[in-house]
Structure formats: structure tokens, C-alpha cells
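For reference, data_21.pdb (PDB, C-alpha atoms):
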```pdb
MODEL        1
ATOM      1  CA  MET A 229      20.564 -10.312  71.169
ATOM      2  CA  ARG A 230      19.547 -13.619  72.673
ATOM      3  CA  SER A 231      22.598 -15.694  73.368
ATOM      4  CA  TYR A 232      22.380 -19.337  74.341
ATOM      5  CA  GLY A 233      24.917 -19.230  77.036
ATOM      6  CA  GLY A 234      27.174 -16.364  77.313
ATOM      7  CA  LYS A 235      28.259 -12.969  76.405
ATOM      8  CA  ILE A 236      30.587 -10.814  78.342
ATOM      9  CA  GLY A 237      30.345  -7.169  77.836
ATOM     10  CA  ALA A 238      30.796  -3.742  79.132
ATOM     11  CA  THR A 239      30.764  -1.757  82.239
ATOM     12  CA  GLU A 240      28.344   0.523  83.910
ATOM     13  CA  GLY A 241      24.996   2.228  83.617
ATOM     14  CA  TYR A 242      21.902   0.122  84.160
ATOM     15  CA  LYS A 243      22.158  -2.072  87.236
ATOM     16  CA  GLY A 244      19.063  -4.251  86.984
ATOM     17  CA  GLY A 245      16.172  -4.809  89.322
ATOM     18  CA  LYS A 246      15.528  -6.343  92.741
ATOM     19  CA  GLY A 247      15.535  -9.941  93.963
ATOM     20  CA  ILE A 248      18.500 -11.060  91.908
ATOM     21  CA  GLU A 249      20.355 -12.901  94.691
ATOM     22  CA  LYS A 250      17.280 -14.938  95.589
ATOM     23  CA  ASN A 251      16.647 -15.944  91.975
ATOM     24  CA  THR A 252      20.284 -16.861  91.414
ATOM     25  CA  ILE A 253      20.174 -19.296  94.335
ATOM     26  CA  LEU A 254      16.933 -20.858  93.049
ATOM     27  CA  PHE A 255      18.403 -21.418  89.579
ATOM     28  CA  ARG A 256      21.644 -22.828  90.949
ATOM     29  CA  LYS A 257      19.746 -25.350  93.082
ATOM     30  CA  SER A 258      17.481 -26.462  90.254
ATOM     31  CA  GLY A 259      20.269 -26.915  87.687
ATOM     32  CA  ILE A 260      18.198 -24.958  85.174
ATOM     33  CA  THR A 261      20.202 -23.330  82.392
ATOM     34  CA  SER A 262      19.202 -20.700  79.857
ATOM     35  CA  SER A 263      19.854 -23.249  77.138
ATOM     36  CA  SER A 264      17.443 -25.814  78.616
ATOM     37  CA  LEU A 265      14.799 -23.146  79.213
ATOM     38  CA  SER A 266      15.165 -21.887  75.660
ATOM     39  CA  LYS A 267      14.030 -25.267  74.334
ATOM     40  CA  LEU A 268      10.821 -25.012  76.362
ATOM     41  CA  SER A 269       9.990 -21.437  75.387
ATOM     42  CA  GLU A 270       7.270 -20.457  72.955
ATOM     43  CA  PRO A 271       8.519 -20.386  69.337
ATOM     44  CA  VAL A 272       7.922 -17.428  67.059
ATOM     45  CA  ASP A 273       4.406 -17.436  65.687
ATOM     46  CA  PRO A 274       4.159 -16.650  61.929
ATOM     47  CA  ALA A 275       1.259 -14.340  62.823
ATOM     48  CA  LEU A 276       3.621 -12.240  64.945
ATOM     49  CA  ILE A 277       6.082 -12.024  62.049
ATOM     50  CA  ALA A 278       3.248 -10.931  59.753
ATOM     51  CA  LYS A 279       2.178  -8.251  62.244
ATOM     52  CA  LEU A 280       5.706  -6.912  62.535
ATOM     53  CA  GLU A 281       6.173  -6.924  58.769
ATOM     54  CA  ALA A 282       2.960  -4.946  58.416
ATOM     55  CA  LYS A 283       4.597  -2.340  60.643
ATOM     56  CA  GLY A 284       7.644  -2.088  58.392
ATOM     57  CA  TRP A 285       9.911  -4.686  59.958
ATOM     58  CA  LYS A 286      11.765  -7.238  57.885
ATOM     59  CA  ILE A 287      12.243 -10.563  59.607
ATOM     60  CA  ASP A 288      14.637 -12.982  57.899
ATOM     61  CA  ILE A 289      14.944 -16.597  58.949
ATOM     62  CA  ALA A 290      18.515 -17.810  58.467
ATOM     63  CA  LYS A 291      18.695 -20.632  55.934
ATOM     64  CA  PRO A 292      20.898 -23.692  56.461
ATOM     65  CA  GLY A 293      24.307 -23.227  54.886
ATOM     66  CA  SER A 294      23.917 -19.451  54.617
ATOM     67  CA  ASP A 295      26.260 -16.802  55.939
ATOM     68  CA  ASP A 296      23.238 -15.567  57.942
ATOM     69  CA  LEU A 297      23.254 -18.791  59.936
ATOM     70  CA  ARG A 298      27.039 -18.791  60.212
ATOM     71  CA  TRP A 299      26.746 -15.235  61.571
ATOM     72  CA  LEU A 300      24.224 -16.268  64.233
ATOM     73  CA  ASN A 301      26.429 -19.249  65.119
ATOM     74  CA  TYR A 302      29.462 -16.985  65.398
ATOM     75  CA  GLN A 303      27.557 -14.822  67.853
ATOM     76  CA  ASN A 304      26.035 -17.791  69.655
ATOM     77  CA  ALA A 305      22.713 -16.036  69.160
ATOM     78  CA  GLU A 306      19.150 -16.985  68.422
ATOM     79  CA  ALA A 307      18.374 -13.651  66.816
ATOM     80  CA  CYS A 308      20.051 -10.351  66.105
ATOM     81  CA  ILE A 309      19.565  -6.876  64.781
ATOM     82  CA  ASN A 310      22.345  -4.884  63.235
ATOM     83  CA  SER A 311      22.964  -1.212  63.263
ATOM     84  CA  GLY A 312      23.400  -1.010  59.501
ATOM     85  CA  VAL A 313      19.893  -2.010  58.451
ATOM     86  CA  PRO A 314      16.989  -0.280  60.187
ATOM     87  CA  LYS A 315      14.004  -2.394  61.236
ATOM     88  CA  HIS A 316      15.594  -5.696  60.318
ATOM     89  CA  VAL A 317      15.887  -8.811  62.466
ATOM     90  CA  LEU A 318      17.655 -12.036  61.610
ATOM     91  CA  ILE A 319      16.416 -15.136  63.442
ATOM     92  CA  ARG A 320      17.102 -18.843  63.479
ATOM     93  CA  GLU A 321      14.514 -21.362  62.432
ATOM     94  CA  GLY A 322      12.553 -22.196  65.565
ATOM     95  CA  ALA A 323      13.700 -19.091  67.425
ATOM     96  CA  THR A 324      11.648 -18.144  70.455
ATOM     97  CA  LYS A 325       9.038 -15.417  70.479
ATOM     98  CA  SER A 326      10.859 -13.647  73.292
ATOM     99  CA  ALA A 327      14.100 -13.607  71.276
ATOM    100  CA  LEU A 328      12.368 -11.863  68.390
ATOM    101  CA  LEU A 329      10.669  -9.353  70.677
ATOM    102  CA  GLU A 330      13.962  -8.669  72.394
ATOM    103  CA  GLU A 331      15.583  -7.684  69.102
ATOM    104  CA  ILE A 332      12.715  -5.334  68.275
ATOM    105  CA  LEU A 333      13.191  -3.733  71.682
ATOM    106  CA  HIS A 334      16.961  -3.443  71.161
ATOM    107  CA  ALA A 335      16.238  -1.432  68.030
ATOM    108  CA  LYS A 336      13.927   0.792  70.064
ATOM    109  CA  GLN A 337      16.638   1.237  72.700
ATOM    110  CA  LEU A 338      19.046   2.520  70.065
ATOM    111  CA  GLU A 339      16.384   4.780  68.570
ATOM    112  CA  LEU A 340      15.709   6.281  72.017
ATOM    113  CA  GLY A 341      19.405   6.890  72.684
ATOM    114  CA  LEU A 342      19.547   4.489  75.634
ATOM    115  CA  LEU A 343      23.061   3.409  74.719
ATOM    116  CA  GLU A 344      24.278   6.901  75.532
ATOM    117  CA  LYS A 345      22.128   6.968  78.684
ATOM    118  CA  TYR A 346      23.223   3.626  80.130
ATOM    119  CA  GLY A 347      26.761   3.675  78.796
ATOM    120  CA  SER A 348      27.271   0.186  77.367
ATOM    121  CA  TYR A 349      25.600  -2.451  75.269
ATOM    122  CA  GLN A 350      25.830  -4.858  78.206
ATOM    123  CA  ALA A 351      23.697  -2.503  80.244
ATOM    124  CA  LEU A 352      21.168  -2.513  77.389
ATOM    125  CA  GLU A 353      21.052  -6.312  77.599
ATOM    126  CA  VAL A 354      20.096  -6.087  81.266
ATOM    127  CA  HIS A 355      17.648  -3.269  80.646
ATOM    128  CA  VAL A 356      15.808  -5.064  77.854
ATOM    129  CA  LYS A 357      15.294  -8.246  79.888
ATOM    130  CA  ASP A 358      14.117  -6.233  82.866
ATOM    131  CA  PHE A 359      11.705  -4.315  80.621
ATOM    132  CA  MET A 360      10.353  -7.532  79.108
ATOM    133  CA  LEU A 361       9.741  -9.048  82.522
ATOM    134  CA  ARG A 362       7.943  -5.939  83.730
ATOM    135  CA  HIS A 363       5.822  -5.771  80.578
ATOM    136  CA  ALA A 364       5.444  -9.482  79.867
ATOM    137  CA  GLU A 365       1.666  -9.302  79.720
ATOM    138  CA  ILE A 366       1.610  -6.440  77.224
ATOM    139  CA  LEU A 367       4.187  -8.270  75.113
ATOM    140  CA  GLY A 368       2.079 -11.426  75.151
ATOM    141  CA  LEU A 369       4.699 -13.445  76.994
ATOM    142  CA  ASN A 370       2.420 -15.647  79.035
ATOM    143  CA  ASN A 371       4.322 -18.925  78.864
ATOM    144  CA  LYS A 372       5.935 -19.658  82.253
ATOM    145  CA  ASN A 373       9.060 -20.990  80.534
ATOM    146  CA  ASP A 374       9.497 -17.714  78.670
ATOM    147  CA  ILE A 375       9.347 -15.849  81.951
ATOM    148  CA  ALA A 376      11.753 -18.273  83.621
ATOM    149  CA  LEU A 377      14.134 -17.940  80.690
ATOM    150  CA  LEU A 378      14.036 -14.163  80.817
ATOM    151  CA  GLN A 379      14.673 -14.206  84.563
ATOM    152  CA  ARG A 380      17.607 -16.505  84.024
ATOM    153  CA  LEU A 381      19.047 -14.446  81.191
ATOM    154  CA  LYS A 382      18.627 -11.248  83.166
ATOM    155  CA  ILE A 383      20.690 -12.716  85.992
ATOM    156  CA  GLU A 384      23.369 -13.846  83.536
ATOM    157  CA  GLU A 385      23.513 -10.383  81.974
ATOM    158  CA  ILE A 386      23.743  -8.715  85.383
ATOM    159  CA  ASN A 387      26.568 -11.032  86.362
ATOM    160  CA  ARG A 388      28.435 -10.106  83.188
ATOM    161  CA  LEU A 389      27.830  -6.441  83.835
ATOM    162  CA  ASN A 390      29.086  -6.744  87.403
ATOM    163  CA  LYS A 391      32.252  -8.614  86.415
ATOM    164  CA  LEU A 392      33.526  -5.620  84.541
TER     165      LEU A 392
ATOM    166  CA  MET B 112      42.104  11.473  69.378
ATOM    167  CA  GLU B 113      44.232   8.599  68.182
ATOM    168  CA  SER B 114      43.453   6.421  65.193
ATOM    169  CA  PHE B 115      42.409   2.791  65.313
ATOM    170  CA  LYS B 116      43.329  -0.343  63.436
ATOM    171  CA  PHE B 117      40.846  -3.195  63.136
ATOM    172  CA  ASN B 118      42.420  -6.453  61.983
ATOM    173  CA  ILE B 119      39.794  -8.453  60.088
ATOM    174  CA  ASN B 120      39.641 -12.187  60.780
ATOM    175  CA  ASP B 121      36.463 -13.235  59.000
ATOM    176  CA  TYR B 122      33.515 -11.901  57.020
ATOM    177  CA  PHE B 123      29.850 -12.794  56.506
ATOM    178  CA  LYS B 124      27.835 -11.816  53.426
ATOM    179  CA  LEU B 125      24.404 -11.342  54.959
ATOM    180  CA  SER B 126      21.080 -11.509  53.145
ATOM    181  CA  THR B 127      20.458  -7.869  54.091
ATOM    182  CA  GLY B 128      23.105  -6.865  51.567
ATOM    183  CA  THR B 129      25.626  -5.954  54.212
ATOM    184  CA  VAL B 130      28.973  -7.551  54.830
ATOM    185  CA  ALA B 131      29.778  -8.177  58.473
ATOM    186  CA  LEU B 132      33.454  -7.976  59.337
ATOM    187  CA  VAL B 133      34.766  -9.443  62.554
ATOM    188  CA  GLY B 134      38.142  -9.000  64.085
ATOM    189  CA  VAL B 135      40.255  -7.373  66.713
ATOM    190  CA  MET B 136      40.360  -3.661  67.483
ATOM    191  CA  VAL B 137      43.559  -1.888  68.434
ATOM    192  CA  PRO B 138      43.390  -0.179  70.863
ATOM    193  CA  GLY B 139      40.868  -2.487  72.502
ATOM    194  CA  ASP B 140      39.042   0.272  74.359
ATOM    195  CA  TYR B 141      38.485   2.447  71.288
ATOM    196  CA  PRO B 142      35.034   4.161  71.294
ATOM    197  CA  ILE B 143      32.127   2.983  69.116
ATOM    198  CA  VAL B 144      32.889   3.810  65.481
ATOM    199  CA  THR B 145      30.313   5.197  63.022
ATOM    200  CA  SER B 146      30.848   6.561  59.533
ATOM    201  CA  GLU B 147      29.184   9.808  60.635
ATOM    202  CA  LYS B 148      31.926  10.506  63.150
ATOM    203  CA  TYR B 149      34.932   8.652  61.763
ATOM    204  CA  VAL B 150      36.892   8.396  58.551
ATOM    205  CA  VAL B 151      37.235   4.680  57.852
ATOM    206  CA  GLU B 152      39.303   2.951  55.182
ATOM    207  CA  ILE B 153      39.665  -0.705  54.320
ATOM    208  CA  LYS B 154      43.240  -1.632  53.460
ATOM    209  CA  THR B 155      45.232  -4.631  52.368
ATOM    210  CA  GLN B 156      48.648  -5.458  53.649
ATOM    211  CA  SER B 157      49.929  -5.033  50.081
ATOM    212  CA  GLY B 158      48.802  -1.404  50.050
ATOM    213  CA  LYS B 159      45.395  -1.293  48.330
ATOM    214  CA  SER B 160      42.843   0.907  50.086
ATOM    215  CA  LEU B 161      39.264   2.179  49.806
ATOM    216  CA  ARG B 162      37.458   4.775  51.877
ATOM    217  CA  LEU B 163      34.165   3.433  53.254
ATOM    218  CA  ASN B 164      31.383   5.971  53.534
ATOM    219  CA  LYS B 165      28.771   3.554  54.820
ATOM    220  CA  ILE B 166      30.154   1.532  57.670
ATOM    221  CA  ASN B 167      28.999   1.179  61.239
ATOM    222  CA  GLU B 168      30.023  -0.791  64.223
ATOM    223  CA  ASP B 169      27.552  -3.470  65.238
ATOM    224  CA  ILE B 170      27.449  -2.821  68.959
ATOM    225  CA  PHE B 171      25.551  -5.952  69.943
ATOM    226  CA  SER B 172      28.259  -8.091  68.385
ATOM    227  CA  ARG B 173      30.814  -7.464  71.091
ATOM    228  CA  SER B 174      29.753 -10.830  72.272
ATOM    229  CA  GLU B 175      32.465 -13.330  72.892
ATOM    230  CA  PRO B 176      34.090 -13.675  76.282
ATOM    231  CA  THR B 177      37.266 -11.647  76.309
ATOM    232  CA  GLU B 178      39.223  -9.721  78.847
ATOM    233  CA  ASP B 179      38.494  -6.496  77.053
ATOM    234  CA  TYR B 180      36.369  -5.221  74.163
ATOM    235  CA  SER B 181      38.887  -5.777  71.412
ATOM    236  CA  ARG B 182      36.808  -8.402  69.542
ATOM    237  CA  ARG B 183      34.296  -6.353  67.642
ATOM    238  CA  SER B 184      32.283  -6.230  64.428
ATOM    239  CA  PHE B 185      31.467  -3.811  61.634
ATOM    240  CA  GLN B 186      28.871  -3.900  58.892
ATOM    241  CA  THR B 187      29.033  -2.163  55.556
ATOM    242  CA  PHE B 188      26.858  -1.899  52.458
ATOM    243  CA  GLU B 189      29.795  -1.042  50.241
ATOM    244  CA  ASP B 190      31.269  -3.420  47.705
ATOM    245  CA  ILE B 191      34.435  -4.730  49.285
ATOM    246  CA  SER B 192      34.505  -8.036  47.370
ATOM    247  CA  SER B 193      37.942  -7.460  45.922
ATOM    248  CA  PHE B 194      39.320  -7.050  49.452
ATOM    249  CA  ILE B 195      37.609  -9.880  51.305
ATOM    250  CA  GLU B 196      37.953 -12.497  48.595
ATOM    251  CA  ASN B 197      41.734 -12.366  48.750
ATOM    252  CA  MET B 198      42.118 -11.859  52.482
ATOM    253  CA  ALA B 199      43.634 -15.305  52.978
ATOM    254  CA  ILE B 200      46.657 -14.324  50.904
ATOM    255  CA  ASP B 201      46.561 -10.550  51.404
ATOM    256  CA  PRO B 202      45.354  -9.757  54.957
ATOM    257  CA  ILE B 203      42.974  -6.835  55.361
ATOM    258  CA  TYR B 204      42.212  -4.326  58.055
ATOM    259  CA  LEU B 205      40.217  -1.191  58.724
ATOM    260  CA  GLN B 206      41.974   1.979  59.665
ATOM    261  CA  GLY B 207      40.261   5.100  60.885
ATOM    262  CA  TYR B 208      40.327   8.303  62.843
ATOM    263  CA  PRO B 209      37.785  10.854  64.065
ATOM    264  CA  LYS B 210      36.483  13.446  61.623
ATOM    265  CA  ILE B 211      37.614  16.909  62.646
ATOM    266  CA  ASN B 212      34.074  18.184  63.114
ATOM    267  CA  GLY B 213      32.667  14.759  63.971
TER     268      GLY B 213
ENDMDL
END
```
Represent the structure of the file as C-alpha cells.
Amino acid sequence: MRSYGGKIGATEGYKGGKGIEKNTILFRKSGITSSSLSKLSEPVDPALIAKLEAKGWKIDIAKPGSDDLRWLNYQNAEACINSGVPKHVLIREGATKSALLEEILHAKQLELGLLEKYGSYQALEVHVKDFMLRHAEILGLNNKNDIALLQRLKIEEINRLNKL
Amino acid sequence: MESFKFNINDYFKLSTGTVALVGVMVPGDYPIVTSEKYVVEIKTQSGKSLRLNKINEDIFSRSEPTEDYSRRSFQTFEDISSFIENMAIDPIYLQGYPKING
């Protein structure tokens, strides 16, 4: 799930990649936040939604005034999957491409049993961002702001993981 | 293993057909609940109850900053309208325990 600012979660398992301290210092100095980076990231392309739907995914865009939007607001999230409905993603209008891809990958994590392997959903949050950064080219994430946002979010998720 | 009680604070009728229930889990460190492994009932304070055969915890919804994991969320496909629509006057909660062979 792509949160705008903060989620605090669970405990152990996946510990993230290298170079975190250096990146944290860079972000602190620049005053960049995940929220400001999110506004600069590439929005979801309708062609990507069509491709995913052709592969059996259902992508719903939350309508104003709906419980869908209230749900995303409650979770402070740009997009989310839920465990009750396979291959379904709920997104905000204007959500970023990386947020949508992240949800697809979260579903894959659950399918592969990575929750049991890494021990907590917070560890899955770190893992998915790390995976996306390592495979950015394959995922078509070639916008520098997307990459910067993912790096930022990965650091935030690692910090949450380490606090617990 | 002990049973749990999940006090429901709010609900969301999602376009997927599920109802998302949010609230506070007691005990806060209770394991992830699925209908495959747990018997789960929705109950009202006044005594009405219904066993839910299709309910799962939404693990990515343990999202808000808390000291522990007690704020959690469940989603169900079952018709629980008669419970949630009156929750302001008759509070509702989930109660459950592990299935013996779960």
C-alpha cells in the first residue's frame, strides 16, 4: 500500500538493502518528503490499466463521496489491495503508476507466501520497495521522481520496521 | 489458544462487494485471523450474533501509528447490514477462536 506519509507496522524479517544511511542524510538535507515527491511522480496510464485488466486484474478508481475513497482516506493510502478479493486494486484518481504496480506486487507477495517468510506486513512493505528499485527498468519506472519517491518510501518503511 | 474480541469502530461498504470493518483487537498481539483457521462471529452488545464463514483480516490495513498492532481491519462478503446499520445504538464486535484442526 502506498501511504502518503506514514504507517507504523510490525517487527522482523526483511531488513532492506544497502546505502540507507547515506540516502537518509541526503533526503533530510534537501527537505524532500514522500508527499512532495508523490506529486511529481508519473500518474497511472490508462494503457497500463487496460493491460492489467486483460490479465484478469480489476482496477477500480475511487469515486468522490464513495466509501472506496473514504477507505483510502482512512488508510492514508493512494492505492490498496485487500485480501478478500483476488486480483483487485483500488486506486485514487490521479494515483501514481508506481503505487498501482506496488499493489500488484503486494498481491504477488501474498501468493508466494512471503508474509510467512518475512514475518510481518511491514517487512513486505520494505521488500516491495526494494524489489521495485532493483527492477525499475523492467517495471517501466523510468521517471527520476518515481525512483526518488521509492527510495524515500523505502527508507521510511525501514525506519518503521526498525522502531519495532 | 485464547479467543479474540475485535471491537468495531467503523465500516466501509466497498465497490468490490465487501464490507471493511475497522476497530481494535483484544489482545493486541493476536495472530492474523482468516476464516480458514478461525471461527468468527459478529455480535451485538444486545446479544444478536451471526457466524461469518467468509471473513479475512486485511493485513495491509494495520496502518495507523500505534504502540502495538491492536488497530486492525477485516473484510467480509457476507450480508451484515442488520448489524452495521444499527451499530451507533447497539455496538458490534467480532469474536473468534481457532478451529480445532485449523
Open item on the list: Counting all atoms listed in the file, find residues at most 10 Å from (31.5, 3.8, 71.9) (file frame) and give them as a ChimeraX atom specification.
Closed with: /A:343-344,347-349 /B:140-145,168,170
Open item on the list: So that I can see what lies close to Ser269 (chain A), please list as a ChimeraX atom specification the residues with an atom at most 10 Å from it, counting only C-alpha atoms and leaving out residues fewer than 3 positions away in the same chain.
Closed with: /A:264-266,272,323-327,369,371-378
Open item on the list: Could you tell me, as a PyMOL selection string, exactly which residues end up selected when the PyMOL selection byres ((chain B and resi 194-203) around 7) is applied to this structure?
Closed with: chain B and resi 118-119+154-157+191-193+204
Open item on the list: As a check of understanding, name the residues that the PyMOL selection byres ((chain B and resi 123-128) around 7) selects in the supplied structure, as a list of chain:residue names.
Closed with: A:Asp295, A:Asp296, A:Trp299, B:Tyr122, B:Thr129, B:Val130, B:Ala131, B:Leu132, B:Phe188
Atoms kept (C-alpha atoms) for selection, written as a CSV table (one decimal), keeping the file's coordinate frame:
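So the final result, stored in out.csv, reads:
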```
chain,number,residue,atom,x,y,z
A,295,ASP,CA,26.3,-16.8,55.9
A,296,ASP,CA,23.2,-15.6,57.9
A,299,TRP,CA,26.7,-15.2,61.6
B,122,TYR,CA,33.5,-11.9,57.0
B,129,THR,CA,25.6,-6.0,54.2
B,130,VAL,CA,29.0,-7.6,54.8
B,131,ALA,CA,29.8,-8.2,58.5
B,132,LEU,CA,33.5,-8.0,59.3
B,188,PHE,CA,26.9,-1.9,52.5
```
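Here CA of His363 (chain A) and CA of Arg380 (chain A) stand 16.3 Å from one another.
Candidate residues B:Asp121, B:Asp190, B:Glu147, B:Glu152 were compared for distance to Arg298 (chain A), and the nearest is B:Asp121, using only C-alpha atoms.
Reported to one decimal place, the separation of CA of Ile277 (chain A) from CA of Leu340 (chain A) is 23.0 Å.
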Open item on the list: Take the PyMOL selection byres ((chain B and resi 137) around 6), run it mentally on this structure, and tell me the resulting residues as a count of residues only.
Closed with: 5
Task: CA of Leu338 (chain A) to CA of Phe185 (chain B), distance in Å rounded to a single decimal - done: 16.3 Å
- [ ] For region 282-286 of chain A, list every protein, DNA or RNA residue within 7 Å, evaluated using only C-alpha atoms, and leave out those in the same chain fewer than 5 positions away; present the list as a PyMOL selection string.
- [x] chain A and resi 315-317
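Proximity of B:Lys148, B:Arg182, B:Lys159, B:Lys210 to chain A, computed with all atoms listed in the file, is greatest for B:Arg182.
Among the candidates A:Leu280, A:Ala275, A:Leu297, A:Leu367, the residue lying nearest to chain B is A:Leu297 (atoms considered: all atoms listed in the file).
Taking all atoms listed in the file into account, Val135 (chain B) lies nearest to B:Ser184 out of the set B:Ser184, B:Gln206, B:Ser160, B:Ser114.
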TODO: List every protein, DNA or RNA residue that has at least one atom no more than 9 Å from (21.5, -6.5, 76.7) in the file's coordinates, counting all atoms listed in the file, and write the result as JSON, numbers by chain.
DONE: {"A": [229, 230, 237, 330, 334, 348, 349, 350, 351, 352, 353, 354, 355, 356, 357, 382, 385], "B": [171]}
For region 285-308 of chain A, where the input has fewer atoms than it should, I would like N, CA and C atoms rebuilt and written as a PDB file, in the frame of the given file.
```pdb
ATOM      1  N   TRP A 285       8.745  -3.893  59.593  1.00  0.00           N
ATOM      2  CA  TRP A 285       9.911  -4.686  59.958  1.00  0.00           C
ATOM      3  C   TRP A 285      10.158  -5.749  58.903  1.00  0.00           C
ATOM      4  N   LYS A 286      11.419  -6.121  58.753  1.00  0.00           N
ATOM      5  CA  LYS A 286      11.765  -7.238  57.885  1.00  0.00           C
ATOM      6  C   LYS A 286      12.381  -8.315  58.783  1.00  0.00           C
ATOM      7  N   ILE A 287      11.757  -9.471  58.770  1.00  0.00           N
ATOM      8  CA  ILE A 287      12.243 -10.563  59.607  1.00  0.00           C
ATOM      9  C   ILE A 287      12.756 -11.664  58.684  1.00  0.00           C
ATOM     10  N   ASP A 288      14.044 -11.921  58.724  1.00  0.00           N
ATOM     11  CA  ASP A 288      14.637 -12.982  57.899  1.00  0.00           C
ATOM     12  C   ASP A 288      14.968 -14.192  58.753  1.00  0.00           C
ATOM     13  N   ILE A 289      14.584 -15.346  58.258  1.00  0.00           N
ATOM     14  CA  ILE A 289      14.944 -16.597  58.949  1.00  0.00           C
ATOM     15  C   ILE A 289      16.186 -17.158  58.259  1.00  0.00           C
ATOM     16  N   ALA A 290      17.233 -17.363  59.035  1.00  0.00           N
ATOM     17  CA  ALA A 290      18.515 -17.810  58.467  1.00  0.00           C
ATOM     18  C   ALA A 290      18.395 -19.212  57.868  1.00  0.00           C
ATOM     19  N   LYS A 291      18.791 -19.332  56.626  1.00  0.00           N
ATOM     20  CA  LYS A 291      18.695 -20.632  55.934  1.00  0.00           C
ATOM     21  C   LYS A 291      19.934 -21.487  56.214  1.00  0.00           C
ATOM     22  N   PRO A 292      19.738 -22.812  56.257  1.00  0.00           N
ATOM     23  CA  PRO A 292      20.898 -23.692  56.461  1.00  0.00           C
ATOM     24  C   PRO A 292      21.972 -23.450  55.396  1.00  0.00           C
ATOM     25  N   GLY A 293      23.196 -23.413  55.816  1.00  0.00           N
ATOM     26  CA  GLY A 293      24.307 -23.227  54.886  1.00  0.00           C
ATOM     27  C   GLY A 293      24.580 -21.782  54.516  1.00  0.00           C
ATOM     28  N   SER A 294      23.742 -20.864  54.992  1.00  0.00           N
ATOM     29  CA  SER A 294      23.917 -19.451  54.617  1.00  0.00           C
ATOM     30  C   SER A 294      24.907 -18.760  55.549  1.00  0.00           C
ATOM     31  N   ASP A 295      25.407 -17.619  55.077  1.00  0.00           N
ATOM     32  CA  ASP A 295      26.260 -16.802  55.939  1.00  0.00           C
ATOM     33  C   ASP A 295      25.438 -16.224  57.093  1.00  0.00           C
ATOM     34  N   ASP A 296      24.119 -16.047  56.865  1.00  0.00           N
ATOM     35  CA  ASP A 296      23.238 -15.567  57.942  1.00  0.00           C
ATOM     36  C   ASP A 296      23.310 -16.511  59.145  1.00  0.00           C
ATOM     37  N   LEU A 297      23.227 -17.806  58.854  1.00  0.00           N
ATOM     38  CA  LEU A 297      23.254 -18.791  59.936  1.00  0.00           C
ATOM     39  C   LEU A 297      24.651 -18.868  60.559  1.00  0.00           C
ATOM     40  N   ARG A 298      25.658 -18.779  59.708  1.00  0.00           N
ATOM     41  CA  ARG A 298      27.039 -18.791  60.212  1.00  0.00           C
ATOM     42  C   ARG A 298      27.263 -17.597  61.142  1.00  0.00           C
ATOM     43  N   TRP A 299      26.644 -16.464  60.778  1.00  0.00           N
ATOM     44  CA  TRP A 299      26.746 -15.235  61.571  1.00  0.00           C
ATOM     45  C   TRP A 299      26.093 -15.425  62.946  1.00  0.00           C
ATOM     46  N   LEU A 300      24.899 -16.007  62.955  1.00  0.00           N
ATOM     47  CA  LEU A 300      24.224 -16.268  64.233  1.00  0.00           C
ATOM     48  C   LEU A 300      25.031 -17.263  65.067  1.00  0.00           C
ATOM     49  N   ASN A 301      25.598 -18.274  64.397  1.00  0.00           N
ATOM     50  CA  ASN A 301      26.429 -19.249  65.119  1.00  0.00           C
ATOM     51  C   ASN A 301      27.655 -18.572  65.716  1.00  0.00           C
ATOM     52  N   TYR A 302      28.270 -17.706  64.928  1.00  0.00           N
ATOM     53  CA  TYR A 302      29.462 -16.985  65.398  1.00  0.00           C
ATOM     54  C   TYR A 302      29.142 -16.214  66.685  1.00  0.00           C
ATOM     55  N   GLN A 303      27.937 -15.633  66.705  1.00  0.00           N
ATOM     56  CA  GLN A 303      27.557 -14.822  67.853  1.00  0.00           C
ATOM     57  C   GLN A 303      26.874 -15.638  68.944  1.00  0.00           C
ATOM     58  N   ASN A 304      26.716 -16.931  68.697  1.00  0.00           N
ATOM     59  CA  ASN A 304      26.035 -17.791  69.655  1.00  0.00           C
ATOM     60  C   ASN A 304      24.656 -17.205  69.991  1.00  0.00           C
ATOM     61  N   ALA A 305      23.959 -16.768  68.948  1.00  0.00           N
ATOM     62  CA  ALA A 305      22.713 -16.036  69.160  1.00  0.00           C
ATOM     63  C   ALA A 305      21.541 -16.702  68.453  1.00  0.00           C
ATOM     64  N   GLU A 306      20.376 -16.473  69.009  1.00  0.00           N
ATOM     65  CA  GLU A 306      19.150 -16.985  68.422  1.00  0.00           C
ATOM     66  C   GLU A 306      18.581 -15.980  67.416  1.00  0.00           C
ATOM     67  N   ALA A 307      18.882 -14.726  67.667  1.00  0.00           N
ATOM     68  CA  ALA A 307      18.374 -13.651  66.816  1.00  0.00           C
ATOM     69  C   ALA A 307      19.282 -12.443  66.950  1.00  0.00           C
ATOM     70  N   CYS A 308      19.271 -11.577  65.951  1.00  0.00           N
ATOM     71  CA  CYS A 308      20.051 -10.351  66.105  1.00  0.00           C
ATOM     72  C   CYS A 308      19.542  -9.243  65.194  1.00  0.00           C
TER      73      CYS A 308
END
```
